[in-house]
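Shown next: structure18.csv, containing CSV, C-alpha atoms.
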chain,number,residue,atom,x,y,z
A,234,MET,CA,-16.4,-67.1,2.9
A,235,PHE,CA,-15.1,-63.6,2.0
A,236,TYR,CA,-18.4,-62.2,3.3
A,237,ASP,CA,-17.8,-63.8,6.7
A,238,LYS,CA,-14.4,-62.2,7.1
A,239,LYS,CA,-15.8,-58.8,6.3
A,240,LYS,CA,-18.6,-59.3,8.8
A,241,LEU,CA,-16.1,-60.3,11.5
A,242,PHE,CA,-14.0,-57.3,10.8
A,243,PHE,CA,-17.0,-54.9,11.3
A,244,CYS,CA,-18.1,-56.8,14.5
A,245,LYS,CA,-14.6,-56.4,15.9
A,246,MET,CA,-14.6,-52.7,14.9
A,247,LYS,CA,-18.0,-52.1,16.7
A,248,ILE,CA,-16.7,-53.8,19.8
A,249,PHE,CA,-13.5,-51.7,19.7
A,250,THR,CA,-15.4,-48.4,19.2
A,251,CYS,CA,-17.9,-49.3,22.0
A,252,LYS,CA,-15.1,-50.0,24.4
A,253,SER,CA,-13.3,-46.8,23.5
A,254,LEU,CA,-16.5,-44.8,23.9
A,255,ILE,CA,-17.2,-46.3,27.3
A,256,LEU,CA,-13.6,-45.6,28.5
A,257,ALA,CA,-13.8,-42.0,27.2
A,258,ASN,CA,-17.1,-41.5,29.1
A,259,ILE,CA,-15.7,-42.9,32.3
A,260,PHE,CA,-12.6,-40.8,32.0
A,261,GLY,CA,-14.7,-37.6,31.4
A,262,ILE,CA,-17.0,-38.3,34.3
A,263,CYS,CA,-14.0,-38.9,36.6
A,264,SER,CA,-12.2,-35.8,35.5
A,265,LEU,CA,-15.2,-33.6,36.0
A,266,SER,CA,-16.1,-35.1,39.4
A,267,HIS,CA,-12.5,-34.6,40.7
A,268,SER,CA,-11.8,-31.2,39.3
A,269,GLN,CA,-10.9,-28.4,41.7
A,270,VAL,CA,-12.5,-25.0,41.9
A,271,SER,CA,-10.5,-22.1,43.3
A,272,TYR,CA,-11.8,-18.8,44.7
A,273,SER,CA,-9.4,-16.1,45.8
A,274,ASP,CA,-10.3,-12.9,47.6
A,275,ILE,CA,-7.7,-10.2,47.3
A,276,LYS,CA,-7.6,-7.5,49.9
A,277,GLN,CA,-5.7,-4.4,48.8
A,278,ASP,CA,-4.8,-1.3,50.7
A,279,PRO,CA,-6.5,1.8,49.2
A,280,LYS,CA,-3.1,3.6,49.4
A,281,LEU,CA,-1.8,1.3,46.8
A,282,ASP,CA,-4.2,2.7,44.2
A,283,SER,CA,-3.2,6.3,44.9
A,284,LEU,CA,0.4,5.3,44.8
A,285,LEU,CA,0.0,3.6,41.4
A,286,ASN,CA,-1.9,6.7,40.0
A,287,LYS,CA,1.0,9.0,41.1
A,288,LYS,CA,3.5,6.7,39.5
A,289,ILE,CA,1.5,6.7,36.2
A,290,ALA,CA,1.3,10.5,36.3
A,291,LEU,CA,5.1,10.8,36.9
A,292,ASP,CA,5.8,8.4,34.0
A,293,ARG,CA,3.6,10.5,31.7
A,294,GLN,CA,5.3,13.7,32.7
A,295,ARG,CA,8.8,12.1,32.2
A,296,TYR,CA,7.7,10.7,28.8
A,297,SER,CA,6.5,14.1,27.6
A,298,LYS,CA,9.8,15.7,28.4
A,299,GLU,CA,12.1,13.0,27.2
A,300,TYR,CA,13.2,12.3,23.6
A,301,PHE,CA,16.0,10.5,21.6
A,302,THR,CA,18.3,12.1,19.1
A,303,LEU,CA,21.2,11.0,17.0
A,304,GLN,CA,24.5,12.7,17.7
A,305,LEU,CA,26.6,12.8,14.5
A,306,TYR,CA,29.5,14.8,15.6
A,307,TYR,CA,31.0,16.5,18.7
A,308,GLY,CA,34.0,18.7,18.2
A,309,ASN,CA,35.3,21.9,16.6
A,310,LEU,CA,33.2,24.4,14.5
A,311,GLU,CA,34.7,23.8,11.1
A,312,ILE,CA,34.2,20.1,11.0
A,313,ALA,CA,30.8,20.5,12.7
A,314,THR,CA,29.6,22.8,9.9
A,315,GLU,CA,30.8,20.5,7.2
A,316,THR,CA,29.1,17.6,8.9
A,317,LEU,CA,25.9,19.6,9.2
A,318,LYS,CA,25.9,20.5,5.5
A,319,SER,CA,26.6,16.9,4.3
A,320,ALA,CA,24.0,15.5,6.7
A,321,LYS,CA,21.3,17.9,5.5
A,322,GLU,CA,22.1,16.9,1.9
A,323,MET,CA,22.1,13.2,2.6
A,324,TYR,CA,19.0,13.2,4.9
A,325,PRO,CA,16.7,16.0,3.9
A,326,ASN,CA,13.7,14.5,5.8
A,327,ILE,CA,15.5,14.4,9.2
A,328,PRO,CA,15.8,17.7,11.1
A,329,ILE,CA,19.5,18.3,11.8
A,330,GLU,CA,20.7,21.1,14.1
A,331,LEU,CA,24.0,22.5,15.3
A,332,SER,CA,24.4,23.4,19.0
A,333,PHE,CA,27.2,24.6,21.2
A,334,GLU,CA,28.1,23.0,24.5
A,335,THR,CA,31.2,24.3,26.1
A,336,PRO,CA,33.8,23.8,24.6
A,337,ASN,CA,32.6,21.9,21.6
A,338,TYR,CA,29.9,21.9,18.9
A,339,LYS,CA,27.3,19.2,18.5
A,340,VAL,CA,25.6,18.0,15.3
A,341,GLN,CA,22.4,16.2,16.2
A,342,ALA,CA,19.7,14.7,14.0
A,343,GLY,CA,16.1,14.0,14.7
A,344,ARG,CA,13.8,14.0,17.7
A,345,PHE,CA,12.3,10.5,18.4
A,346,LYS,CA,9.8,9.7,21.1
A,347,ASP,CA,10.3,5.9,20.5
A,348,GLU,CA,13.8,4.5,21.0
A,349,ILE,CA,13.1,1.8,18.4
A,350,VAL,CA,12.5,4.4,15.7
A,351,GLY,CA,15.7,6.1,16.8
A,352,LEU,CA,17.7,2.9,16.6
A,353,LYS,CA,16.3,2.1,13.1
A,354,THR,CA,17.3,5.5,11.9
A,355,LEU,CA,20.7,5.1,13.5
A,356,ASP,CA,21.3,2.0,11.4
A,357,THR,CA,20.8,4.0,8.2
A,358,VAL,CA,22.8,7.0,9.4
A,359,LYS,CA,25.8,4.9,10.6
A,360,ARG,CA,26.6,4.0,7.0
A,361,LYS,CA,27.7,7.6,6.3
A,362,PHE,CA,28.5,8.6,9.9
A,363,PRO,CA,30.1,5.6,11.7
A,364,SER,CA,30.7,7.5,14.9
A,365,ALA,CA,27.0,8.4,15.3
A,366,PHE,CA,25.1,7.2,18.4
A,367,LEU,CA,21.7,7.4,20.0
A,368,LEU,CA,21.4,10.0,22.8
A,369,THR,CA,18.6,10.5,25.4
A,370,ARG,CA,17.7,14.1,25.9
A,371,LYS,CA,15.3,16.1,28.0
A,372,ASN,CA,13.4,19.2,27.1
A,373,GLU,CA,14.7,22.0,29.2
A,374,ILE,CA,11.9,24.5,29.7
A,375,LEU,CA,13.1,27.7,31.5
A,376,GLU,CA,10.4,29.2,33.7
Please rewrite the model in this file as structure tokens.
Amino acid sequence: MFYDKKKLFFCKMKIFTCKSLILANIFGICSLSHSQVSYSDIKQDPKLDSLLNKKIALDRQRYSKEYFTLQLYYGNLEIATETLKSAKEMYPNIPIELSFETPNYKVQAGRFKDEIVGLKTLDTVKRKFPSAFLLTRKNEILE
């Protein structure tokens, strides 16, 4: 009697798997026969390529001239020199310079090509110099 129940179970299982396989095959055949194929032909003006090449060249030129720096202080000479000395002691691996822009002095740190690197450095510098900020600069080459 136990054997008969086991046999019935496997028969039902075989019928169930056969039905599911048949349904899966029908579904696969229908989906393949009704699938869509798309072909697209793009016509592009040749001037567009030359315009894109000019834009790329201008971006490369601008990128080569542009950099980011951290401005630590902007004001009178005495405080600027104190800020310069303390910044050089705290951050010996970052180049720090003092410059004059009428009528004040600037203390700037680092030259970063990537803004993300500049922002990460700014996070560490802001602990000691809370008024520091990231500044975009351009190389000024006199010809």
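Between CA of Tyr300 (chain A) and CA of Asp282 (chain A) the separation is 28.6 Å.
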Item to complete: Between CA of Lys353 (chain A) and CA of Lys298 (chain A), measure the distance and give it in Å to one decimal.
Response: 21.5 Å
Practice prompt. Measure the distance from CA of Asn337 (chain A) to CA of Phe301 (chain A) in Å and round it to one decimal.
Written response: 20.1 Å
Discussion item. List as a list of chain:residue names the residues having at least one atom at most 12 Å from position (10.6, 17.9, 24.4) as given in the file, counting only C-alpha atoms.
Written reply: A:Gln294, A:Arg295, A:Tyr296, A:Ser297, A:Lys298, A:Glu299, A:Tyr300, A:Phe301, A:Thr302, A:Gly343, A:Arg344, A:Phe345, A:Lys346, A:Thr369, A:Arg370, A:Lys371, A:Asn372, A:Glu373, A:Ile374
Practice prompt. Point out the residue among A:Ile259, A:Ala365, A:Leu317, A:Ile289 with the least atom-to-atom distance to Ile329 (chain A), counting only C-alpha atoms.
Written response: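 Under the stated criterion, the closest residue is A:Leu317.
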Worksheet item: With all atoms listed in the file as the basis for distance, which of A:Leu331, A:Ala320, A:Leu303, A:Leu256 is at the shortest distance from Leu352 (chain A)?
Response: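 Once distances to Leu352 (chain A) are computed over all atoms listed in the file, the minimum belongs to A:Leu303.
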Fill in: Distance query Arg360 (chain A) at most 12 Å, all atoms listed in the file, self and fewer than 4 positions along chain excluded, as an MDAnalysis selection string
chainID A and resid 305 320 323 354:356 364:366
Practice prompt. Rank A:Leu291, A:Lys361, A:Pro328, A:Asp274 by their smallest atom-to-atom distance to Thr316 (chain A), using all atoms listed in the file, and report the top residue only.
Written response: A:Lys361
Since the input has fewer atoms than a full residue there, write region 301-325 of chain A out with N, CA and C atoms, as a compact mmCIF listing (two decimals), in the frame of the given file.
# COMPACT_ATOMS: atom_id res chain seq x y z
N PHE A 301 14.68 11.11 22.10
CA PHE A 301 16.00 10.50 21.60
C PHE A 301 16.40 11.30 20.41
N THR A 302 17.70 11.47 20.28
CA THR A 302 18.30 12.10 19.10
C THR A 302 19.56 11.39 18.73
N LEU A 303 19.99 11.58 17.50
CA LEU A 303 21.20 11.00 17.00
C LEU A 303 22.32 12.03 17.05
N GLN A 304 23.42 11.74 17.70
CA GLN A 304 24.50 12.70 17.70
C GLN A 304 25.51 12.22 16.62
N LEU A 305 25.71 13.09 15.63
CA LEU A 305 26.60 12.80 14.50
C LEU A 305 28.00 13.19 14.70
N TYR A 306 28.17 14.32 15.39
CA TYR A 306 29.50 14.80 15.60
C TYR A 306 29.59 15.68 16.86
N TYR A 307 30.76 15.67 17.49
CA TYR A 307 31.00 16.50 18.70
C TYR A 307 32.47 16.91 18.58
N GLY A 308 32.67 18.22 18.36
CA GLY A 308 34.00 18.70 18.20
C GLY A 308 34.09 20.16 17.79
N ASN A 309 35.10 20.52 16.95
CA ASN A 309 35.30 21.90 16.60
C ASN A 309 34.31 22.41 15.54
N LEU A 310 34.25 23.72 15.36
CA LEU A 310 33.20 24.40 14.50
C LEU A 310 33.35 24.04 13.07
N GLU A 311 34.57 24.01 12.53
CA GLU A 311 34.70 23.80 11.10
C GLU A 311 34.20 22.43 10.67
N ILE A 312 34.62 21.41 11.36
CA ILE A 312 34.20 20.10 11.00
C ILE A 312 32.67 19.89 11.31
N ALA A 313 32.20 20.57 12.34
CA ALA A 313 30.80 20.50 12.70
C ALA A 313 29.92 21.10 11.58
N THR A 314 30.33 22.23 11.01
CA THR A 314 29.60 22.80 9.90
C THR A 314 29.61 21.98 8.66
N GLU A 315 30.76 21.36 8.38
CA GLU A 315 30.80 20.50 7.20
C GLU A 315 29.93 19.25 7.43
N THR A 316 29.93 18.70 8.63
CA THR A 316 29.10 17.60 8.90
C THR A 316 27.61 17.95 8.82
N LEU A 317 27.26 19.13 9.30
CA LEU A 317 25.90 19.60 9.20
C LEU A 317 25.43 19.74 7.76
N LYS A 318 26.26 20.33 6.91
CA LYS A 318 25.90 20.50 5.50
C LYS A 318 25.75 19.14 4.80
N SER A 319 26.70 18.24 5.00
CA SER A 319 26.60 16.90 4.30
C SER A 319 25.45 16.11 4.85
N ALA A 320 25.15 16.21 6.14
CA ALA A 320 24.00 15.50 6.70
C ALA A 320 22.69 16.00 6.17
N LYS A 321 22.57 17.31 6.03
CA LYS A 321 21.30 17.90 5.50
C LYS A 321 21.13 17.49 4.03
N GLU A 322 22.22 17.35 3.28
CA GLU A 322 22.10 16.90 1.90
C GLU A 322 21.73 15.46 1.78
N MET A 323 22.31 14.62 2.65
CA MET A 323 22.10 13.20 2.60
C MET A 323 20.69 12.80 3.15
N TYR A 324 20.26 13.51 4.20
CA TYR A 324 19.00 13.20 4.90
C TYR A 324 18.13 14.42 5.00
N PRO A 325 17.48 14.82 3.91
CA PRO A 325 16.70 16.00 3.90
C PRO A 325 15.38 15.89 4.77
